[in-house]
Amino acid sequence: MARLPASFRGWERNSLMSARSEREAVYLAENGWSWILEGDSISQVSWHGVVIFESVRPMVRDRDWNTIAPILYSERPHSDANEQGDWIVGEEYRFSGGTATGRLSLSVTQESLNVKYVFRAGNDVLVNRVGITATIPSELAGSDLEYATTRGRVGRSRLPITISPYQPILDISQLDLARSGVKFGISFFGDEFEMEDQRNWCDSSFKIYSRPLSLPFPYVIRGGDEVVQELRLSARDDENPVENPVGGVGADWKLSEEGRPFAIPRISVGATTSFSNAVNALDLEKVSPASLLVEASEGFDLGKILRSAMSEISGTSIPLDVRLSIDSLEGLRDMVDRVLSCGADIRSISVFRKSVHYTDVEVWNCLVDSIGGRNVQLGSGTRGHFAEFNRNYQEFPESSNEYCFSITPEMHVNDKRHINECLNSIRDVVDSVRLLVGRSKLFIGPVTLKPRVNTVATDIVVVDRMTESGYGADCVPGSVDERQFSDWLGAWTAWMLIELALSGVDQVSMFEAGGARGIISESGALSPAGIILRAFSASRGMWIELIDVDVPQWVRVALISDGTRRRCLVINLGVEDFSICLPQFGVNEEVFCRAESFQLIDMSDSVDGMVVSSS
């Protein structure tokens, strides 16, 4: 990242660019403040190195809560006399029914860092949210703060340790909180702001946003109207510093995780939702998954879905885990009968109320009756995020002993930094689940980059669709991430599996077998993520242990062992190449791991170590 001096002016780009695409990060510092500029995102906002905002960015959400990615038409430090020192980002938004423009500016003084956002509708546009969002690091969970409301009320609160299902603070005009000996004051202007616990979606932050969710949505911004918002951040040394608690539900053991072995969970893979991309069973068997996860909704051609899934496991001993979404109880009985008579080994069946995406008592009782005592594990929970789980757990059946929810780190934004940081919230999420369900079995997944179902859509047309070519996730707009077959995703998958292992989950399903959301190419080759899934699947019954070595922040070294066979995994999610020597584990040669990559080393047959698979 380039460091630009505070006096630098005149940088400008005029070509059209997507603000949400991968972009060069530019580090900037002025008057004690520092931040990273990436498109229209201002990240890692710090005062003398103390981070208070993970990000500050404008956010425009359509009627189904999809983020509308702007087109940047300019970004530059401004030099006009009236706006000395401003950093300006100009944007254009394209809606199905019109366009709008946005202008984000950032200015710095000795006393404060100021962000202003102006959104102007070119013609009538339908939205659910428009305005500035700011995220506070989840490490501040448990910290005390003071607040003021737009109605003049003041009070004290505490950022929640256990993940809060609903907004911990409403009607925010001012927040005051401390971190690492610095007192920060945050003021908001132009709208009524509130906070939500983003760990509900596995984001590692608390998000402050505008337009309260209690107000109706979607709503119309008329052509020519403007939305104007400002954020002002001040900082000073804390005269009476109090040590902030280490954030997170599982903070009591996070600092001593190295040297403790953890069981590797069962690894499953999702069935391919694009019929033409269903994989060969021999190729799927290379991954050795514990099961193939099939998701179907009432109204789908269940026979066609089951035939496609069975073709992917044909001739193997791989069982099916089946999840059904229904509103009609008679429809559920019919679907269960068809699943149990399809000829496959059915390991489990879970059911969700289609309209609300979670398991209620009525559909659960119907599932139990439909099974009729046959030897099939029954599951409940949600096909959505932990947010749906956390908010609706009281509606779940008490007799269930296996629960599930999905993980999709791109619910809000899609830059790699954000997706990597989501890994930091996994154990908080699982620990919060344990407070609800105790030691019941946890089947986490599907874990995918993009959401597989839009649980917050107001347009029912975008939920639960099936066509001649595919179903479910295959029909969800924006469900494909072009980085699916990248080395980076292989490294991210390895880190995710370690986090889930350390959390003690029982089973996890990741991605799909084939297609654009899959791990197996048309030629049968495994993607980097597929290589990792194979390594962890082949390690069933083994243990994983983090190795306590001096490494950069986004590097991890782990040992996978059953007492006789040992494999060393080096993960590098950082942006710089990394090398390490591990003679204490029989690896006498230096191990080189490229940025955003991994190395998997088999130490069973060679004293010097042998790389058997890598990205």
# chains A, B, ... in the order shown; residues from 1 in each chain; ligands from 1
>>> residues_around(residues="region 273-275 of chain A", least_positions_apart="6", cutoff="7 Å", atoms="only C-alpha atoms", output="list in words")
Ser308, Ser469, Gly470, Tyr471, Gly472, Ala473, Asp474 and Gly515 of chain A
>>> residues_around(residues="Phe53 (chain A)", least_positions_apart="5", cutoff="8 Å", atoms="only C-alpha atoms", output="PyMOL selection string")
chain A and resi 43-46+134-137
>>> select_by_dssp(residues="region 351-593 of chain A", states="strand (DSSP E or B)", output="number ranges by chain")
A: 351-353, 358, 377-382, 402-407, 441-447, 466, 470-471, 507-514, 518-520, 526, 543-546, 555-561, 566-572, 578-582, 587-593
>>> residues_around(residues="Ser204 (chain A)", least_positions_apart="3", cutoff="10 Å", atoms="only C-alpha atoms", output="compact mmCIF listing (two decimals) with all heavy atoms, in the first residue's frame")
# COMPACT_ATOMS: atom_id res chain seq x y z
N GLU A 54 -13.88 0.04 11.61
CA GLU A 54 -13.42 -0.90 10.60
C GLU A 54 -13.67 -0.31 9.21
O GLU A 54 -12.86 -0.47 8.30
CB GLU A 54 -14.15 -2.23 10.73
CG GLU A 54 -13.79 -3.03 11.97
CD GLU A 54 -12.43 -3.69 11.86
OE1 GLU A 54 -11.80 -3.58 10.78
OE2 GLU A 54 -11.99 -4.30 12.85
N THR A 135 -18.81 0.96 10.86
CA THR A 135 -18.70 -0.28 11.64
C THR A 135 -17.60 -0.16 12.69
O THR A 135 -16.48 0.25 12.39
CB THR A 135 -18.43 -1.49 10.73
OG1 THR A 135 -17.24 -1.26 9.96
CG2 THR A 135 -19.60 -1.72 9.79
N ILE A 136 -17.95 -0.54 13.92
CA ILE A 136 -17.03 -0.53 15.05
C ILE A 136 -16.52 -1.95 15.25
O ILE A 136 -17.29 -2.91 15.19
CB ILE A 136 -17.75 -0.04 16.32
CG1 ILE A 136 -18.18 1.42 16.15
CG2 ILE A 136 -16.88 -0.18 17.56
CD1 ILE A 136 -19.04 1.94 17.29
N PRO A 137 -15.21 -2.15 15.51
CA PRO A 137 -14.66 -3.51 15.64
C PRO A 137 -15.37 -4.32 16.74
O PRO A 137 -15.67 -3.80 17.81
CB PRO A 137 -13.19 -3.27 16.00
CG PRO A 137 -12.89 -1.90 15.51
CD PRO A 137 -14.17 -1.12 15.66
N SER A 138 -15.61 -5.59 16.47
CA SER A 138 -16.28 -6.45 17.45
C SER A 138 -15.40 -6.70 18.67
O SER A 138 -15.91 -7.14 19.71
CB SER A 138 -16.66 -7.79 16.81
OG SER A 138 -15.50 -8.49 16.37
N GLU A 139 -14.10 -6.41 18.58
CA GLU A 139 -13.23 -6.54 19.76
C GLU A 139 -13.67 -5.63 20.90
O GLU A 139 -13.26 -5.83 22.04
CB GLU A 139 -11.77 -6.23 19.39
CG GLU A 139 -11.09 -7.28 18.55
CD GLU A 139 -11.35 -7.10 17.06
OE1 GLU A 139 -12.15 -6.22 16.70
OE2 GLU A 139 -10.76 -7.85 16.27
N ASP A 197 -25.90 -5.53 15.77
CA ASP A 197 -24.77 -6.43 16.00
C ASP A 197 -24.54 -7.24 14.74
O ASP A 197 -25.27 -8.20 14.45
CB ASP A 197 -25.08 -7.33 17.19
CG ASP A 197 -23.85 -8.07 17.72
OD1 ASP A 197 -22.91 -8.27 16.94
OD2 ASP A 197 -23.86 -8.43 18.91
N GLN A 198 -23.52 -6.86 13.98
CA GLN A 198 -23.28 -7.49 12.69
C GLN A 198 -22.79 -8.93 12.81
O GLN A 198 -22.73 -9.65 11.81
CB GLN A 198 -22.25 -6.67 11.90
CG GLN A 198 -22.75 -5.34 11.41
CD GLN A 198 -23.72 -5.49 10.26
OE1 GLN A 198 -24.93 -5.48 10.46
NE2 GLN A 198 -23.23 -5.62 9.06
N ARG A 199 -22.42 -9.35 14.01
CA ARG A 199 -22.00 -10.75 14.17
C ARG A 199 -23.16 -11.70 13.87
O ARG A 199 -22.93 -12.88 13.64
CB ARG A 199 -21.47 -10.96 15.58
CG ARG A 199 -20.16 -10.22 15.86
CD ARG A 199 -19.73 -10.34 17.30
NE ARG A 199 -20.72 -9.73 18.21
CZ ARG A 199 -20.67 -9.83 19.54
NH1 ARG A 199 -19.69 -10.51 20.12
NH2 ARG A 199 -21.59 -9.25 20.29
N ASN A 200 -24.38 -11.18 13.87
CA ASN A 200 -25.52 -12.00 13.44
C ASN A 200 -25.35 -12.51 12.02
O ASN A 200 -25.94 -13.54 11.66
CB ASN A 200 -26.81 -11.18 13.52
CG ASN A 200 -27.38 -11.13 14.92
OD1 ASN A 200 -27.79 -12.15 15.47
ND2 ASN A 200 -27.40 -9.94 15.52
N TRP A 201 -24.61 -11.80 11.21
CA TRP A 201 -24.33 -12.21 9.82
C TRP A 201 -22.87 -12.61 9.66
O TRP A 201 -22.35 -12.64 8.55
CB TRP A 201 -24.69 -11.07 8.86
CG TRP A 201 -26.15 -10.78 8.86
CD1 TRP A 201 -27.10 -11.35 8.06
CD2 TRP A 201 -26.85 -9.85 9.70
NE1 TRP A 201 -28.34 -10.84 8.36
CE2 TRP A 201 -28.22 -9.91 9.37
CE3 TRP A 201 -26.44 -8.97 10.71
CZ2 TRP A 201 -29.19 -9.14 10.00
CZ3 TRP A 201 -27.41 -8.21 11.35
CH2 TRP A 201 -28.76 -8.29 11.00
N LYS A 207 -22.54 -2.35 13.53
CA LYS A 207 -22.78 -1.40 12.45
C LYS A 207 -23.75 -0.31 12.89
O LYS A 207 -24.79 -0.59 13.48
CB LYS A 207 -23.35 -2.10 11.21
CG LYS A 207 -23.55 -1.15 10.03
CD LYS A 207 -23.94 -1.89 8.77
CE LYS A 207 -25.39 -2.33 8.80
NZ LYS A 207 -25.81 -2.96 7.53
N GLY A 248 -15.89 -10.49 22.61
CA GLY A 248 -16.35 -11.77 22.11
C GLY A 248 -16.85 -12.69 23.20
O GLY A 248 -16.43 -12.65 24.34
N PRO A 409 -20.47 -14.69 4.08
CA PRO A 409 -19.81 -13.44 4.48
C PRO A 409 -20.06 -12.26 3.57
O PRO A 409 -19.71 -11.13 3.92
CB PRO A 409 -18.32 -13.83 4.49
CG PRO A 409 -18.23 -14.97 3.54
CD PRO A 409 -19.51 -15.73 3.71
N HIS A 418 -12.94 -7.55 4.24
CA HIS A 418 -14.16 -7.80 5.01
C HIS A 418 -14.40 -9.31 5.15
O HIS A 418 -14.73 -9.79 6.25
CB HIS A 418 -15.34 -7.15 4.32
CG HIS A 418 -16.67 -7.61 4.83
ND1 HIS A 418 -17.26 -7.07 5.94
CD2 HIS A 418 -17.51 -8.58 4.38
CE1 HIS A 418 -18.41 -7.68 6.17
NE2 HIS A 418 -18.59 -8.59 5.24
N ILE A 419 -14.26 -10.06 4.07
CA ILE A 419 -14.53 -11.50 4.11
C ILE A 419 -13.54 -12.19 5.04
O ILE A 419 -13.90 -13.10 5.79
CB ILE A 419 -14.49 -12.09 2.69
CG1 ILE A 419 -15.56 -11.44 1.82
CG2 ILE A 419 -14.68 -13.59 2.73
CD1 ILE A 419 -15.47 -11.81 0.35
N ASN A 420 -12.28 -11.76 5.02
CA ASN A 420 -11.29 -12.32 5.94
C ASN A 420 -11.67 -12.01 7.39
O ASN A 420 -11.60 -12.88 8.27
CB ASN A 420 -9.90 -11.77 5.65
CG ASN A 420 -9.32 -12.31 4.35
OD1 ASN A 420 -9.82 -13.27 3.78
ND2 ASN A 420 -8.25 -11.70 3.89
N GLU A 421 -12.07 -10.78 7.65
CA GLU A 421 -12.37 -10.38 9.02
C GLU A 421 -13.61 -11.10 9.56
O GLU A 421 -13.76 -11.25 10.78
CB GLU A 421 -12.56 -8.87 9.10
CG GLU A 421 -11.24 -8.11 8.94
CD GLU A 421 -11.41 -6.61 8.80
OE1 GLU A 421 -12.56 -6.18 8.63
OE2 GLU A 421 -10.40 -5.89 8.85
N CYS A 422 -14.48 -11.57 8.68
CA CYS A 422 -15.63 -12.36 9.14
C CYS A 422 -15.18 -13.61 9.90
O CYS A 422 -15.90 -14.11 10.76
CB CYS A 422 -16.50 -12.77 7.95
SG CYS A 422 -17.50 -11.42 7.28
N LEU A 423 -13.99 -14.10 9.58
CA LEU A 423 -13.48 -15.29 10.26
C LEU A 423 -13.32 -15.04 11.76
O LEU A 423 -13.41 -15.97 12.57
CB LEU A 423 -12.15 -15.70 9.64
CG LEU A 423 -12.21 -16.15 8.17
CD1 LEU A 423 -10.81 -16.21 7.58
CD2 LEU A 423 -12.90 -17.50 8.04
N ASN A 424 -13.08 -13.78 12.12
CA ASN A 424 -12.88 -13.45 13.54
C ASN A 424 -14.16 -13.56 14.36
O ASN A 424 -14.10 -13.55 15.59
CB ASN A 424 -12.32 -12.03 13.67
CG ASN A 424 -10.92 -11.91 13.11
OD1 ASN A 424 -10.15 -12.87 13.12
ND2 ASN A 424 -10.58 -10.73 12.60
N SER A 425 -15.31 -13.64 13.71
CA SER A 425 -16.57 -13.68 14.44
C SER A 425 -17.12 -15.08 14.61
O SER A 425 -18.12 -15.27 15.33
CB SER A 425 -17.62 -12.82 13.71
OG SER A 425 -17.98 -13.42 12.47
N ILE A 426 -16.51 -16.08 13.99
CA ILE A 426 -17.09 -17.42 13.96
C ILE A 426 -17.26 -17.99 15.37
O ILE A 426 -18.32 -18.52 15.73
CB ILE A 426 -16.24 -18.38 13.09
CG1 ILE A 426 -16.23 -17.89 11.64
CG2 ILE A 426 -16.78 -19.80 13.18
CD1 ILE A 426 -17.60 -17.77 11.01
N ASP A 428 -17.42 -16.40 18.21
CA ASP A 428 -18.45 -15.64 18.92
C ASP A 428 -19.84 -16.17 18.57
O ASP A 428 -20.71 -16.32 19.43
CB ASP A 428 -18.36 -14.16 18.57
CG ASP A 428 -17.21 -13.46 19.27
OD1 ASP A 428 -16.54 -14.10 20.10
OD2 ASP A 428 -16.99 -12.27 18.99
>>> closest_atom_pairs(of="region 319-417 of chain A", to="region 295-298 of chain A", cutoff="6 Å", atoms="only C-alpha atoms", output="Markdown table")
| residue | atom | partner | partner_atom | distance |
| --- | --- | --- | --- | --- |
| A:Val322 | CA | A:Glu295 | CA | 6.0 |
| A:Arg323 | CA | A:Glu295 | CA | 4.8 |
| A:Leu324 | CA | A:Ala296 | CA | 5.2 |
| A:Ser325 | CA | A:Ser297 | CA | 4.5 |
| A:Ile326 | CA | A:Glu298 | CA | 5.0 |
>>> closest_residue(among="A:Glu395, A:Glu194, A:Glu226, A:Glu111", to="Asn31 (chain A)", atoms="only C-alpha atoms")
A:Glu111
>>> residues_around(residues="Tyr358 (chain A)", least_positions_apart="3", cutoff="9 Å", atoms="only C-alpha atoms", output="list of chain:residue names")
A:Ser325, A:Val351, A:Phe352, A:Arg353, A:Lys354, A:Ser355, A:Ser380, A:Gly381, A:Thr382, A:Arg383, A:Gly384, A:Glu388, A:Phe389, A:Asn392, A:Tyr393, A:Glu395, A:Phe396
>>> write_last_selection(atoms="N, CA, C and O atoms", output="PDB file, in the first residue's frame")
ATOM      1  N   SER A 325     -38.022 -26.858   2.527  1.00  0.00           N
ATOM      2  CA  SER A 325     -38.711 -25.624   2.903  1.00  0.00           C
ATOM      3  C   SER A 325     -40.141 -25.700   2.391  1.00  0.00           C
ATOM      4  O   SER A 325     -40.364 -25.851   1.187  1.00  0.00           O
ATOM      5  N   VAL A 351     -36.326 -29.414   8.245  1.00  0.00           N
ATOM      6  CA  VAL A 351     -37.472 -28.748   7.640  1.00  0.00           C
ATOM      7  C   VAL A 351     -37.547 -27.311   8.134  1.00  0.00           C
ATOM      8  O   VAL A 351     -37.227 -27.024   9.288  1.00  0.00           O
ATOM      9  N   PHE A 352     -37.968 -26.407   7.222  1.00  0.00           N
ATOM     10  CA  PHE A 352     -38.146 -24.992   7.559  1.00  0.00           C
ATOM     11  C   PHE A 352     -39.486 -24.513   7.006  1.00  0.00           C
ATOM     12  O   PHE A 352     -39.933 -24.963   5.951  1.00  0.00           O
ATOM     13  N   ARG A 353     -40.106 -23.599   7.735  1.00  0.00           N
ATOM     14  CA  ARG A 353     -41.293 -22.923   7.217  1.00  0.00           C
ATOM     15  C   ARG A 353     -40.832 -21.981   6.122  1.00  0.00           C
ATOM     16  O   ARG A 353     -40.052 -21.055   6.359  1.00  0.00           O
ATOM     17  N   LYS A 354     -41.312 -22.203   4.913  1.00  0.00           N
ATOM     18  CA  LYS A 354     -40.815 -21.479   3.742  1.00  0.00           C
ATOM     19  C   LYS A 354     -40.971 -19.968   3.872  1.00  0.00           C
ATOM     20  O   LYS A 354     -40.085 -19.203   3.487  1.00  0.00           O
ATOM     21  N   SER A 355     -42.066 -19.518   4.439  1.00  0.00           N
ATOM     22  CA  SER A 355     -42.358 -18.091   4.488  1.00  0.00           C
ATOM     23  C   SER A 355     -41.491 -17.339   5.492  1.00  0.00           C
ATOM     24  O   SER A 355     -41.307 -16.131   5.365  1.00  0.00           O
ATOM     25  N   SER A 380     -33.317 -29.056  12.761  1.00  0.00           N
ATOM     26  CA  SER A 380     -34.110 -27.828  12.754  1.00  0.00           C
ATOM     27  C   SER A 380     -33.168 -26.636  12.761  1.00  0.00           C
ATOM     28  O   SER A 380     -31.953 -26.792  12.770  1.00  0.00           O
ATOM     29  N   GLY A 381     -33.739 -25.447  12.773  1.00  0.00           N
ATOM     30  CA  GLY A 381     -32.929 -24.219  12.756  1.00  0.00           C
ATOM     31  C   GLY A 381     -33.426 -23.286  11.684  1.00  0.00           C
ATOM     32  O   GLY A 381     -34.624 -23.026  11.564  1.00  0.00           O
ATOM     33  N   THR A 382     -32.509 -22.815  10.844  1.00  0.00           N
ATOM     34  CA  THR A 382     -32.870 -21.890   9.780  1.00  0.00           C
ATOM     35  C   THR A 382     -32.014 -22.134   8.550  1.00  0.00           C
ATOM     36  O   THR A 382     -30.861 -22.555   8.659  1.00  0.00           O
ATOM     37  N   ARG A 383     -32.589 -21.878   7.397  1.00  0.00           N
ATOM     38  CA  ARG A 383     -31.785 -21.911   6.183  1.00  0.00           C
ATOM     39  C   ARG A 383     -31.114 -20.558   5.958  1.00  0.00           C
ATOM     40  O   ARG A 383     -30.373 -20.387   4.997  1.00  0.00           O
ATOM     41  N   GLY A 384     -31.400 -19.603   6.836  1.00  0.00           N
ATOM     42  CA  GLY A 384     -30.804 -18.281   6.741  1.00  0.00           C
ATOM     43  C   GLY A 384     -29.565 -18.153   7.601  1.00  0.00           C
ATOM     44  O   GLY A 384     -28.896 -19.133   7.942  1.00  0.00           O
ATOM     45  N   GLU A 388     -31.409 -14.975  11.761  1.00  0.00           N
ATOM     46  CA  GLU A 388     -32.721 -15.625  11.823  1.00  0.00           C
ATOM     47  C   GLU A 388     -32.772 -16.636  12.965  1.00  0.00           C
ATOM     48  O   GLU A 388     -33.819 -16.813  13.614  1.00  0.00           O
ATOM     49  N   PHE A 389     -31.667 -17.308  13.215  1.00  0.00           N
ATOM     50  CA  PHE A 389     -31.591 -18.265  14.324  1.00  0.00           C
ATOM     51  C   PHE A 389     -31.736 -17.537  15.657  1.00  0.00           C
ATOM     52  O   PHE A 389     -32.537 -17.912  16.511  1.00  0.00           O
ATOM     53  N   ASN A 392     -35.299 -16.036  16.333  1.00  0.00           N
ATOM     54  CA  ASN A 392     -36.481 -16.897  16.320  1.00  0.00           C
ATOM     55  C   ASN A 392     -36.303 -18.193  17.102  1.00  0.00           C
ATOM     56  O   ASN A 392     -37.151 -19.084  17.014  1.00  0.00           O
ATOM     57  N   TYR A 393     -35.232 -18.301  17.862  1.00  0.00           N
ATOM     58  CA  TYR A 393     -34.958 -19.553  18.560  1.00  0.00           C
ATOM     59  C   TYR A 393     -36.131 -19.978  19.442  1.00  0.00           C
ATOM     60  O   TYR A 393     -36.417 -21.180  19.585  1.00  0.00           O
ATOM     61  N   GLU A 395     -39.079 -20.010  18.851  1.00  0.00           N
ATOM     62  CA  GLU A 395     -40.102 -20.698  18.062  1.00  0.00           C
ATOM     63  C   GLU A 395     -39.685 -22.122  17.684  1.00  0.00           C
ATOM     64  O   GLU A 395     -40.491 -22.885  17.151  1.00  0.00           O
ATOM     65  N   PHE A 396     -38.426 -22.492  17.943  1.00  0.00           N
ATOM     66  CA  PHE A 396     -37.929 -23.802  17.536  1.00  0.00           C
ATOM     67  C   PHE A 396     -38.510 -24.894  18.436  1.00  0.00           C
ATOM     68  O   PHE A 396     -38.843 -24.656  19.596  1.00  0.00           O
TER      69      PHE A 396
END
>>> select_by_dssp(residues="region 330-496 of chain A", states="alpha helix (DSSP H)", output="NGL selection string")
:A and (330-340 or 361-371 or 386-392 or 416-421 or 426-437 or 487-496)
>>> closest_residue(among="A:Pro528, A:Gly331, A:Gly224, A:Gly518", to="Thr448 (chain A)", atoms="only C-alpha atoms")
A:Gly518
>>> atom_distance(atom1="CA of Val220 (chain A)", atom2="CA of Val127 (chain A)")
6.4 Å
>>> closest_residue(among="A:Lys286, A:Arg483, A:Arg266, A:Arg158", to="Phe443 (chain A)", atoms="only C-alpha atoms")
A:Arg266
>>> closest_residue(among="A:Arg179, A:Arg57, A:Arg391, A:Arg232", to="Ile163 (chain A)", atoms="only C-alpha atoms")
A:Arg391
>>> closest_residue(among="A:Val228, A:Ile267, A:Val447, A:Leu526", to="Val279 (chain A)", atoms="only C-alpha atoms")
A:Leu526
>>> closest_residue(among="A:Asp40, A:Glu398, A:Glu499, A:Asp337", to="Ile88 (chain A)", atoms="only C-alpha atoms")
A:Asp40
>>> residues_around(residues="Val339 (chain A)", least_positions_apart="6", cutoff="12 Å", atoms="only C-alpha atoms", output="CSV table (one decimal) with C-alpha atoms, in the first residue's frame")
chain,number,residue,atom,x,y,z
A,294,VAL,CA,-29.6,-31.2,-0.9
A,295,GLU,CA,-31.9,-28.2,-0.4
A,296,ALA,CA,-35.4,-28.2,-2.0
A,302,LEU,CA,-38.3,-32.7,-6.2
A,303,GLY,CA,-37.9,-35.8,-8.4
A,304,LYS,CA,-35.5,-34.0,-10.8
A,305,ILE,CA,-33.5,-32.5,-7.9
A,306,LEU,CA,-33.1,-36.0,-6.3
A,307,ARG,CA,-32.1,-37.6,-9.5
A,309,ALA,CA,-28.1,-35.4,-6.5
A,310,MET,CA,-28.1,-39.2,-6.8
A,320,LEU,CA,-27.7,-37.4,1.6
A,321,ASP,CA,-28.6,-34.7,4.0
A,322,VAL,CA,-31.9,-33.2,2.9
A,323,ARG,CA,-33.4,-29.8,3.8
A,324,LEU,CA,-37.0,-29.0,2.9
A,332,LEU,CA,-44.2,-31.8,3.6
A,333,ARG,CA,-45.6,-35.3,4.0
A,345,ASP,CA,-29.0,-43.5,2.0
A,346,ILE,CA,-30.6,-40.6,3.9
A,347,ARG,CA,-28.6,-39.4,6.9
A,348,SER,CA,-30.8,-36.5,7.9
A,349,ILE,CA,-33.9,-34.5,7.0
A,350,SER,CA,-34.4,-30.9,8.2
A,370,SER,CA,-44.0,-38.3,8.5
A,371,ILE,CA,-40.7,-40.1,9.4
A,376,VAL,CA,-33.2,-40.8,10.1
